[in-house]
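What follows is start-v6.txt (compact mmCIF, C-alpha atoms and all ligand atoms).
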```txt
# COMPACT_ATOMS: atom_id res chain seq x y z
CA MET K 755 -85.22 152.34 -33.52
CA HIS K 756 -86.69 151.65 -36.92
CA GLN K 757 -87.65 154.07 -39.63
CA THR K 758 -91.11 153.61 -40.90
CA ILE K 759 -91.04 152.42 -44.47
CA SER K 760 -93.44 154.24 -46.68
CA PRO K 761 -95.47 152.21 -49.19
CA GLU K 762 -94.23 154.55 -51.93
CA TYR K 763 -90.65 153.63 -51.17
CA ILE K 764 -91.44 149.91 -51.38
CA LYS K 765 -93.21 150.55 -54.66
CA PHE K 766 -90.19 152.40 -55.95
CA ILE K 767 -87.83 149.57 -54.91
CA ASN K 768 -90.01 147.00 -56.63
CA ALA K 769 -90.17 149.04 -59.83
CA TRP K 770 -86.40 149.53 -59.71
CA HIS K 771 -85.84 145.78 -59.37
CA GLN K 772 -88.23 145.13 -62.22
CA ILE K 773 -86.25 147.44 -64.49
CA MET K 774 -82.96 145.85 -63.46
CA TYR K 775 -84.26 142.33 -64.17
CA ILE K 776 -85.40 143.42 -67.62
CA ALA K 777 -82.04 145.11 -68.30
CA THR K 778 -80.21 141.94 -67.17
CA GLY K 779 -82.27 139.85 -69.56
CA LEU K 780 -81.76 142.27 -72.45
CA SER K 781 -77.99 142.35 -71.87
CA LEU K 782 -77.81 138.56 -71.90
CA VAL K 783 -79.90 138.42 -75.07
CA LEU K 784 -77.58 141.00 -76.63
CA ALA K 785 -74.53 138.90 -75.67
CA LEU K 786 -76.10 135.82 -77.22
CA VAL K 787 -77.12 137.67 -80.39
CA LEU K 788 -73.61 139.14 -80.82
CA TYR K 789 -72.11 135.69 -80.39
CA LEU K 790 -74.53 134.08 -82.83
CA ILE K 791 -73.98 136.76 -85.46
CA HIS K 792 -70.27 136.03 -85.27
CA VAL K 793 -70.80 132.26 -85.58
CA PHE K 794 -73.26 132.62 -88.48
CA LYS K 795 -71.04 135.05 -90.38
CA LEU K 796 -68.12 132.68 -89.97
CA SER K 797 -70.07 129.63 -91.08
CA ALA K 798 -71.38 131.51 -94.13
CA ILE K 799 -67.80 131.90 -95.41
CA LYS K 800 -67.00 129.00 -97.68
CA THR K 801 -63.23 129.01 -98.14
CA TYR K 802 -60.57 128.27 -95.53
CA LYS K 803 -58.73 131.43 -96.54
CA GLY K 804 -61.91 133.49 -96.09
CA LYS K 805 -62.50 132.02 -92.64
CA TYR K 806 -58.86 132.65 -91.78
CA ASP K 807 -59.11 136.33 -92.67
CA TYR K 808 -62.43 136.77 -90.90
CA ILE K 809 -61.20 135.20 -87.67
CA ARG K 810 -57.93 137.09 -87.72
CA LEU K 811 -59.66 140.41 -88.27
CA ASN K 812 -62.81 140.09 -86.16
CA GLN K 813 -62.86 137.25 -83.65
CA ILE K 814 -61.13 138.91 -80.69
CA LYS K 815 -62.99 142.18 -81.21
CA ASN K 816 -66.35 140.39 -81.42
CA TYR K 817 -65.67 138.29 -78.33
CA GLN K 818 -64.78 141.47 -76.47
CA PHE K 819 -68.20 142.92 -77.30
CA VAL K 820 -69.86 139.72 -76.03
CA GLY K 821 -67.79 140.14 -72.84
CA PHE K 822 -68.99 143.74 -72.43
CA ALA K 823 -72.62 142.68 -72.82
CA VAL K 824 -72.19 139.99 -70.13
CA ALA K 825 -70.46 142.56 -67.88
CA ALA K 826 -73.50 144.83 -68.32
CA ALA K 827 -75.76 141.93 -67.34
CA ILE K 828 -73.67 141.40 -64.19
CA PHE K 829 -74.03 145.08 -63.34
CA PHE K 830 -77.81 145.08 -63.76
CA TYR K 831 -78.28 141.83 -61.89
CA GLY K 832 -76.09 143.12 -59.05
CA ASN K 833 -78.63 145.91 -58.60
CA THR K 834 -81.31 143.40 -57.58
CA VAL K 835 -79.39 141.54 -54.90
CA GLY K 836 -80.26 141.93 -51.21
CA ASP K 837 -83.74 143.52 -51.12
CA ILE K 838 -84.03 143.40 -47.33
CA THR K 839 -80.98 145.58 -46.73
CA VAL K 840 -81.98 148.04 -49.40
CA ILE K 841 -85.42 148.43 -47.95
CA LYS K 842 -83.88 149.78 -44.74
CA SER K 843 -82.35 152.85 -46.37
CA LEU K 844 -82.03 154.52 -49.76
CA ILE K 845 -78.26 154.80 -49.30
CA TYR K 846 -77.88 151.05 -49.84
CA ILE K 847 -79.16 151.41 -53.39
CA PHE K 848 -76.12 153.55 -54.21
CA VAL K 849 -73.72 151.28 -52.31
CA ARG K 850 -75.12 148.28 -54.15
CA SER K 851 -74.87 150.05 -57.53
CA PHE K 852 -71.27 150.94 -56.83
CA ILE K 853 -70.32 147.37 -55.84
CA SER K 854 -72.13 146.00 -58.91
CA LEU K 855 -70.22 148.43 -61.11
CA CYS K 856 -66.89 147.32 -59.59
CA VAL K 857 -67.67 143.63 -60.11
CA ALA K 858 -68.82 144.26 -63.71
CA VAL K 859 -65.73 146.34 -64.56
CA LEU K 860 -63.51 143.66 -63.03
CA PHE K 861 -65.24 140.98 -65.09
CA GLY K 862 -64.89 143.03 -68.28
CA TYR K 863 -61.22 143.63 -67.54
CA VAL K 864 -60.51 139.93 -66.89
CA ILE K 865 -62.13 139.07 -70.24
CA PHE K 866 -60.01 141.78 -71.88
CA LEU K 867 -56.82 140.32 -70.37
CA ILE K 868 -57.72 136.78 -71.42
CA LEU K 869 -58.43 137.94 -74.99
CA LYS K 870 -55.23 139.94 -75.12
CA PHE K 871 -52.73 137.54 -73.61
CA TYR K 872 -54.04 134.01 -73.42
CA TYR K 873 -56.49 133.68 -76.28
CA PRO K 874 -54.30 134.77 -79.25
CA THR K 875 -52.13 131.62 -78.94
CA LYS K 876 -55.24 129.45 -79.05
CA MET K 877 -56.55 131.40 -82.02
CA GLU K 878 -53.22 131.07 -83.82
CA ASN K 879 -53.50 127.29 -83.59
CA ARG K 880 -56.90 127.40 -85.22
CA LEU K 881 -55.65 129.80 -87.89
CA ARG K 882 -52.73 127.50 -88.61
CA ARG K 883 -55.13 124.57 -89.08
CA LEU K 884 -57.25 126.65 -91.49
CA ARG K 885 -54.21 127.83 -93.41
CA TYR K 886 -52.74 124.37 -93.92
CA ALA K 887 -55.92 122.35 -94.38
CA PRO K 888 -55.69 120.68 -97.80
CA ARG K 889 -57.37 122.75 -100.51
CA ILE K 890 -59.56 121.05 -103.09
CA SER K 891 -59.15 121.96 -106.76
CA LYS K 892 -61.99 122.57 -109.22
CA ALA K 893 -61.47 119.04 -110.49
CA GLY K 894 -62.05 117.79 -106.96
CA ASN K 895 -58.48 116.73 -106.29
CA GLU K 896 -56.59 117.40 -103.09
CA MET K 897 -54.04 120.12 -103.82
CA LYS K 898 -50.45 120.15 -102.67
CA LEU K 899 -48.89 123.05 -100.79
CA LEU K 900 -45.53 123.89 -102.31
CA SER K 901 -42.52 124.50 -100.09
CA GLU K 902 -40.74 127.86 -100.03
CA GLU K 903 -38.13 126.47 -102.44
CA GLU K 904 -40.68 125.11 -104.92
CA GLU K 905 -43.15 127.96 -104.94
CA ASP K 906 -40.95 130.68 -106.48
CA VAL K 907 -41.68 129.65 -110.09
CA HIS K 908 -45.32 130.52 -109.52
CA LEU K 909 -44.65 133.93 -107.95
CA ASP K 910 -43.73 136.99 -109.95
CA GLU K 911 -40.67 139.02 -108.99
CA GLY K 912 -42.61 141.54 -106.92
CA MET K 913 -44.22 138.78 -104.90
CA GLN K 914 -40.82 137.19 -104.32
CA ALA K 915 -39.45 140.55 -103.20
CA GLU K 916 -42.31 140.81 -100.70
CA GLU K 917 -41.50 137.35 -99.37
CA ASN K 918 -37.84 138.21 -99.09
CA VAL K 919 -38.56 141.08 -96.72
CA PHE K 920 -41.12 138.94 -94.83
CA SER K 921 -43.93 141.48 -95.29
CA VAL K 922 -46.15 139.07 -97.21
CA ASP K 923 -46.19 135.31 -97.24
CA TYR K 924 -47.64 133.55 -100.27
CA ASP K 925 -48.92 130.00 -100.12
CA VAL K 926 -48.97 128.23 -103.46
CA TRP K 927 -51.31 125.26 -103.82
CA VAL K 928 -51.06 123.06 -106.88
CA ASP K 929 -53.28 120.35 -108.27
CA GLU K 930 -50.65 117.99 -109.65
CA GLN K 931 -53.08 116.36 -112.07
CA THR K 932 -54.61 119.43 -113.69
CA ASP K 933 -51.86 121.98 -112.89
CA GLU K 934 -54.40 124.31 -111.36
CA VAL K 935 -52.57 126.84 -109.18
CA HIS K 936 -54.05 128.65 -106.27
CA ILE K 937 -52.09 131.47 -104.60
CA GLU K 938 -53.09 132.77 -101.19
CA LYS K 939 -51.72 135.92 -99.65
CA TYR K 940 -50.96 136.13 -95.92
CA SER K 941 -49.49 138.80 -93.74
CA GLY K 942 -45.81 138.26 -93.14
CA TYR K 943 -43.97 138.53 -89.85
CA LEU K 944 -42.36 141.87 -90.47
CA GLU K 945 -43.76 145.22 -91.45
CA ALA K 946 -42.93 146.70 -94.81
CA LEU K 947 -44.70 149.65 -96.32
CA GLU K 948 -46.44 149.61 -99.64
CA CYS K 949 -44.22 151.12 -102.28
CA GLY K 950 -45.76 154.13 -104.00
CA SER K 951 -44.09 153.29 -107.30
CA CYS K 952 -44.63 149.57 -107.82
CA GLY K 953 -47.40 148.85 -105.31
CA PHE K 954 -45.75 145.87 -103.63
CA ARG K 955 -45.24 145.73 -99.88
CA THR K 956 -41.48 145.95 -100.26
CA LEU K 957 -40.59 149.37 -98.93
CA THR K 958 -38.22 148.77 -96.04
CA LEU K 959 -36.31 151.00 -93.69
CA GLN K 960 -32.70 151.35 -94.78
CA SER K 961 -31.31 153.85 -92.32
CA GLU K 962 -32.26 156.53 -89.86
CA GLU K 963 -30.58 159.85 -89.51
CA ILE K 964 -30.98 162.25 -86.63
CA THR K 965 -30.94 165.73 -88.12
CA ARG K 966 -31.60 167.50 -84.84
CA GLU K 967 -30.91 166.06 -81.40
CA ALA K 968 -33.78 166.17 -78.93
CA THR K 969 -33.08 168.04 -75.74
CA GLU K 970 -35.18 168.43 -72.64
CA GLU K 971 -36.56 171.69 -74.10
CA HIS K 972 -36.86 170.93 -77.83
CA GLU K 973 -38.15 168.11 -79.93
CA GLY K 974 -35.60 166.52 -82.20
CA GLU K 975 -35.96 165.45 -85.80
CA LEU K 976 -35.30 162.14 -87.43
CA ILE K 977 -35.28 161.27 -91.11
CA LYS K 978 -36.04 157.70 -92.07
CA HIS K 979 -34.70 156.52 -95.39
CA TYR K 980 -36.77 153.85 -97.09
CA LYS K 981 -35.95 151.90 -100.17
CA CYS K 982 -38.07 149.52 -102.19
CA THR K 983 -36.28 146.20 -102.46
CA TYR K 984 -38.12 145.51 -105.72
CA CYS K 985 -38.16 148.67 -107.88
CA LYS K 986 -35.46 150.52 -105.86
CA ALA K 987 -37.63 153.61 -105.38
CA GLN K 988 -36.64 155.68 -102.35
CA ARG K 989 -38.60 157.63 -99.80
CA HIS K 990 -37.48 159.92 -97.01
CA THR K 991 -39.82 160.78 -94.19
CA LYS K 992 -39.33 163.16 -91.28
CA PHE K 993 -40.32 162.17 -87.77
CA PRO K 994 -40.26 164.25 -84.61
CA ILE K 995 -38.29 162.90 -81.66
CA ALA K 996 -39.94 163.33 -78.28
CA LYS K 997 -38.31 165.75 -75.88
CA VAL K 998 -37.29 163.45 -73.07
CA LEU K 999 -35.93 160.13 -74.13
CA LYS K 1000 -36.06 157.25 -71.76
CA SER K 1001 -33.60 154.44 -72.11
CA ILE K 1002 -35.18 151.22 -73.18
CA ASN K 1003 -33.77 147.81 -72.46
CA GLU K 1004 -33.85 146.27 -75.85
CA TYR K 1005 -33.99 142.57 -76.15
CA LYS K 1006 -30.84 141.17 -77.71
CA LEU K 1007 -31.30 138.36 -80.14
CA PRO K 1008 -28.85 135.52 -80.44
CA GLU K 1009 -26.71 136.19 -83.46
CA ASP K 1010 -25.15 132.99 -84.66
CA TYR K 1011 -27.77 130.54 -85.74
CA VAL K 1012 -26.18 127.46 -87.18
CA LEU K 1013 -28.17 124.33 -87.67
CA LYS K 1014 -26.60 121.29 -89.24
CA GLY K 1015 -28.46 118.68 -91.24
CA GLN K 1016 -30.76 121.07 -93.05
CA ARG K 1017 -32.27 118.24 -95.10
CA ARG K 1018 -33.90 116.69 -92.08
CA VAL K 1019 -35.32 119.93 -90.72
CA LYS K 1020 -39.06 120.07 -91.16
CA SER K 1021 -39.73 123.38 -89.52
CA ILE K 1022 -38.05 125.81 -87.17
CA MET K 1023 -39.88 127.73 -84.52
CA ILE K 1024 -38.54 130.90 -83.01
CA GLU K 1025 -40.10 132.33 -79.91
CA ILE K 1026 -39.35 135.95 -79.16
CA VAL K 1027 -40.26 137.38 -75.78
CA SER K 1028 -40.31 141.12 -75.37
CA THR K 1029 -39.31 142.95 -72.20
CA LYS K 1030 -43.02 143.55 -71.64
CA GLY K 1031 -43.65 139.83 -71.57
CA ASP K 1032 -45.44 139.50 -74.93
CA LYS K 1033 -44.54 136.32 -76.69
CA LYS K 1034 -44.62 135.63 -80.38
CA GLU K 1035 -43.87 132.48 -82.30
CA TYR K 1036 -42.50 132.40 -85.84
CA PHE K 1037 -42.27 129.37 -88.08
CA PHE K 1038 -39.80 128.80 -90.87
CA GLN K 1039 -38.90 126.03 -93.22
CA ASN K 1040 -35.14 126.39 -93.34
CA THR K 1041 -32.27 128.06 -91.56
CA GLU K 1042 -31.52 130.51 -94.38
CA GLN K 1043 -34.94 132.03 -93.83
CA VAL K 1044 -34.37 132.15 -90.08
CA ALA K 1045 -31.00 133.84 -90.48
CA GLU K 1046 -32.47 136.37 -92.90
CA PHE K 1047 -35.43 136.98 -90.60
CA LEU K 1048 -33.27 137.50 -87.51
CA ASN K 1049 -31.11 139.83 -89.51
CA GLN K 1050 -34.07 142.04 -90.36
CA PHE K 1051 -35.95 141.70 -87.12
CA GLU K 1052 -35.95 144.70 -84.87
CA TYR K 1053 -38.08 144.98 -81.80
CA ASP K 1054 -39.71 148.22 -82.74
CA LYS K 1055 -40.23 150.16 -79.57
CA ASP K 1056 -43.02 152.32 -81.01
CA LYS K 1057 -45.16 149.42 -82.05
CA GLU K 1058 -46.23 146.17 -80.57
CA ILE K 1059 -45.95 143.07 -82.68
CA THR K 1060 -49.45 142.44 -83.79
CA THR K 1061 -49.17 140.43 -86.93
ZN ZN D 1 -41.32 149.55 -105.49
```

Take the structure I supplied and represent it as structure tokens, if you would.
Ligand SMILES: [Zn+2]
Amino acid sequence: MHQTISPEYIKFINAWHQIMYIATGLSLVLALVLYLIHVFKLSAIKTYKGKYDYIRLNQIKNYQFVGFAVAAAIFFYGNTVGDITVIKSLIYIFVRSFISLCVAVLFGYVIFLILKFYYPTKMENRLRRLRYAPRISKAGNEMKLLSEEEEDVHLDEGMQAEENVFSVDYDVWVDEQTDEVHIEKYSGYLEALECGSCGFRTLTLQSEEITREATEEHEGELIKHYKCTYCKAQRHTKFPIAKVLKSINEYKLPEDYVLKGQRRVKSIMIEIVSTKGDKKEYFFQNTEQVAEFLNQFEYDKDKEITT
């Protein structure tokens, strides 16, 4: 028992497919354009430091948009598959749309997961290459990157204070023939707030004080005491504590880090894995830095490590 297929219906299906093919093409063009804009913008930046900042700030976000455009293309193309079935009944158009949507969302989500968990490590490697690629001075000489011990003479006290709390990391490049100095500022491993008095990123949390306990009925109140490690200015900020507190299994860091033969240590890598499975690598030049870092490191439960 077959339904008779009206010529209007066939016309409608054909028009529908035409629109979907055009939308597929447009989505793919959009994906390509978004990708090319990213590549062109990046290649227009001349300095390694500029490229570093651009990639760190925009690359993952831009790739995600490219991923969304491709997902849209998958959705539209899915709406053209299997004409013969669709011609039998209108209901198949909706079934097909729904399946296409599922496949497209799945694709978009997979891209999101890759960009969130797998890709950052790859990107970090590229960033590291950009950061440590030899700089060229105005005189055309290859500059030398000073070690943490050597660079302090070129940094003012505020900058050193920022480095000591790991909020900012300065790279000092020197042309040994002309004494040209080039200082680059990078985000450090730990968060420190900008001090309202001196303007350096040296405001660190000193202590927390619970002024009202949270119960199941009422929010609590917490006062955080901050102190600038450079100009010693203080700040006290109130925070509400959520009603119901869940216990959190905090990751415990190994405490006693002793490494003999400091002289022969080139670099130390620390990998910290959170209970959620995020991994983060940190690089240091000597064990004093590591000890100091571990001392200040706290796996902040409100915030993911994103630096
Ligand atoms: Zn200050």

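Compared by their closest atoms to ligand ZN 1 (chain D), and using only C-alpha atoms and all ligand atoms, the residues K:Ala946, K:Ala996, K:Ala798, K:Ala968 rank with K:Ala946 nearest.
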
Minimum-distance residue to K:Tyr806, chosen among K:Glu903, K:Glu878, K:Asp837, K:Asp1032 (using all atoms listed in the file)
K:Glu878

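Distance check against K:Ala826 using all atoms listed in the file: of K:Ala858, K:Leu881, K:Val793, K:Ile799, the minimum falls on K:Ala858.
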
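For the pair atom CA of K:Arg880 and atom CA of K:Tyr817, the separation is 15.6 Å.
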
Determine, for each residue of chain K having at least one atom at most 9 Å from an atom of ligand ZN 1 (chain D), the closest pair of atoms and their separation in Å to one decimal, counting all atoms listed in the file; order by chain and ascending number, as a Markdown table.
```
| residue | atom | partner | partner_atom | distance |
| --- | --- | --- | --- | --- |
| K:Gly912 | CA | D:ZN1 | ZN | 8.2 |
| K:Glu948 | CA | D:ZN1 | ZN | 7.8 |
| K:Cys949 | CA | D:ZN1 | ZN | 4.6 |
| K:Gly950 | CA | D:ZN1 | ZN | 6.6 |
| K:Ser951 | CA | D:ZN1 | ZN | 5.0 |
| K:Cys952 | CA | D:ZN1 | ZN | 4.0 |
| K:Gly953 | CA | D:ZN1 | ZN | 6.1 |
| K:Phe954 | CA | D:ZN1 | ZN | 6.1 |
| K:Arg955 | CA | D:ZN1 | ZN | 7.8 |
| K:Thr956 | CA | D:ZN1 | ZN | 6.4 |
| K:Leu957 | CA | D:ZN1 | ZN | 6.6 |
| K:Lys981 | CA | D:ZN1 | ZN | 7.9 |
| K:Cys982 | CA | D:ZN1 | ZN | 4.6 |
| K:Thr983 | CA | D:ZN1 | ZN | 6.8 |
| K:Tyr984 | CA | D:ZN1 | ZN | 5.2 |
| K:Cys985 | CA | D:ZN1 | ZN | 4.1 |
| K:Lys986 | CA | D:ZN1 | ZN | 6.0 |
| K:Ala987 | CA | D:ZN1 | ZN | 5.5 |
| K:Gln988 | CA | D:ZN1 | ZN | 8.3 |
```

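We find atom CA of K:Leu780 and atom CA of K:Ile828 to be spaced 11.6 Å apart.
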
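Among K:Phe819, K:Pro761, K:Glu896, K:Thr801, the residue with the shortest atom-to-atom distance to K:Tyr789, counting all atoms listed in the file, is K:Phe819.
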
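Reported to one decimal place, the separation of atom CA of K:Gln813 from atom CA of K:Leu786 is 14.8 Å.
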
Could you rebuild stretch 975-998 of chain K with N, CA, C and O atoms and give me the result as a tab-separated table (two decimals), in the coordinates of the input?
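Okay, result_23.tsv is ready:
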```tsv
chain	number	residue	atom	x	y	z
K	975	GLU	N	-35.41	165.86	-84.52
K	975	GLU	CA	-35.96	165.45	-85.80
K	975	GLU	C	-35.16	164.29	-86.37
K	975	GLU	O	-33.94	164.25	-86.27
K	976	LEU	N	-35.92	163.36	-86.92
K	976	LEU	CA	-35.30	162.14	-87.43
K	976	LEU	C	-35.77	161.94	-88.86
K	976	LEU	O	-36.94	162.14	-89.17
K	977	ILE	N	-34.87	161.60	-89.74
K	977	ILE	CA	-35.28	161.27	-91.11
K	977	ILE	C	-35.06	159.78	-91.33
K	977	ILE	O	-33.99	159.24	-91.05
K	978	LYS	N	-36.14	159.13	-91.77
K	978	LYS	CA	-36.04	157.70	-92.07
K	978	LYS	C	-35.90	157.52	-93.56
K	978	LYS	O	-36.69	158.07	-94.32
K	979	HIS	N	-34.91	156.78	-93.96
K	979	HIS	CA	-34.70	156.52	-95.39
K	979	HIS	C	-35.22	155.13	-95.74
K	979	HIS	O	-34.76	154.14	-95.20
K	980	TYR	N	-36.20	155.11	-96.65
K	980	TYR	CA	-36.77	153.85	-97.09
K	980	TYR	C	-36.35	153.55	-98.52
K	980	TYR	O	-36.15	154.46	-99.32
K	981	LYS	N	-36.25	152.28	-98.80
K	981	LYS	CA	-35.95	151.90	-100.17
K	981	LYS	C	-36.77	150.67	-100.52
K	981	LYS	O	-36.93	149.76	-99.71
K	982	CYS	N	-37.31	150.68	-101.74
K	982	CYS	CA	-38.07	149.52	-102.19
K	982	CYS	C	-37.09	148.45	-102.65
K	982	CYS	O	-36.22	148.72	-103.48
K	983	THR	N	-37.22	147.27	-102.08
K	983	THR	CA	-36.28	146.20	-102.46
K	983	THR	C	-36.60	145.65	-103.84
K	983	THR	O	-35.82	144.91	-104.40
K	984	TYR	N	-37.76	146.01	-104.38
K	984	TYR	CA	-38.12	145.51	-105.72
K	984	TYR	C	-37.77	146.51	-106.81
K	984	TYR	O	-36.95	146.25	-107.67
K	985	CYS	N	-38.39	147.72	-106.78
K	985	CYS	CA	-38.16	148.67	-107.88
K	985	CYS	C	-37.11	149.72	-107.53
K	985	CYS	O	-36.82	150.59	-108.34
K	986	LYS	N	-36.56	149.64	-106.31
K	986	LYS	CA	-35.46	150.52	-105.86
K	986	LYS	C	-35.88	151.98	-105.64
K	986	LYS	O	-35.03	152.85	-105.51
K	987	ALA	N	-37.18	152.25	-105.66
K	987	ALA	CA	-37.63	153.61	-105.38
K	987	ALA	C	-37.26	153.97	-103.94
K	987	ALA	O	-37.18	153.10	-103.08
K	988	GLN	N	-37.02	155.26	-103.69
K	988	GLN	CA	-36.64	155.68	-102.35
K	988	GLN	C	-37.64	156.66	-101.78
K	988	GLN	O	-38.33	157.35	-102.52
K	989	ARG	N	-37.70	156.68	-100.46
K	989	ARG	CA	-38.60	157.63	-99.80
K	989	ARG	C	-37.93	158.11	-98.53
K	989	ARG	O	-37.29	157.32	-97.84
K	990	HIS	N	-38.09	159.38	-98.23
K	990	HIS	CA	-37.48	159.92	-97.01
K	990	HIS	C	-38.57	160.61	-96.21
K	990	HIS	O	-39.27	161.47	-96.72
K	991	THR	N	-38.75	160.21	-94.99
K	991	THR	CA	-39.82	160.78	-94.19
K	991	THR	C	-39.27	161.33	-92.88
K	991	THR	O	-38.46	160.69	-92.22
K	992	LYS	N	-39.76	162.52	-92.53
K	992	LYS	CA	-39.33	163.16	-91.28
K	992	LYS	C	-40.20	162.71	-90.12
K	992	LYS	O	-41.41	162.58	-90.26
K	993	PHE	N	-39.58	162.50	-88.99
K	993	PHE	CA	-40.32	162.17	-87.77
K	993	PHE	C	-39.81	163.04	-86.63
K	993	PHE	O	-38.62	163.28	-86.52
K	994	PRO	N	-40.72	163.51	-85.78
K	994	PRO	CA	-40.26	164.25	-84.61
K	994	PRO	C	-39.73	163.27	-83.54
K	994	PRO	O	-40.18	162.13	-83.47
K	995	ILE	N	-38.77	163.71	-82.78
K	995	ILE	CA	-38.29	162.90	-81.66
K	995	ILE	C	-38.78	163.56	-80.37
K	995	ILE	O	-38.60	164.77	-80.19
K	996	ALA	N	-39.37	162.78	-79.52
K	996	ALA	CA	-39.94	163.33	-78.28
K	996	ALA	C	-38.85	163.98	-77.43
K	996	ALA	O	-37.69	163.60	-77.49
K	997	LYS	N	-39.27	164.96	-76.66
K	997	LYS	CA	-38.31	165.75	-75.88
K	997	LYS	C	-37.43	164.91	-74.96
K	997	LYS	O	-36.23	164.91	-75.05
K	998	VAL	N	-38.09	164.22	-74.03
K	998	VAL	CA	-37.29	163.45	-73.07
K	998	VAL	C	-37.25	162.00	-73.51
K	998	VAL	O	-38.28	161.37	-73.69
```
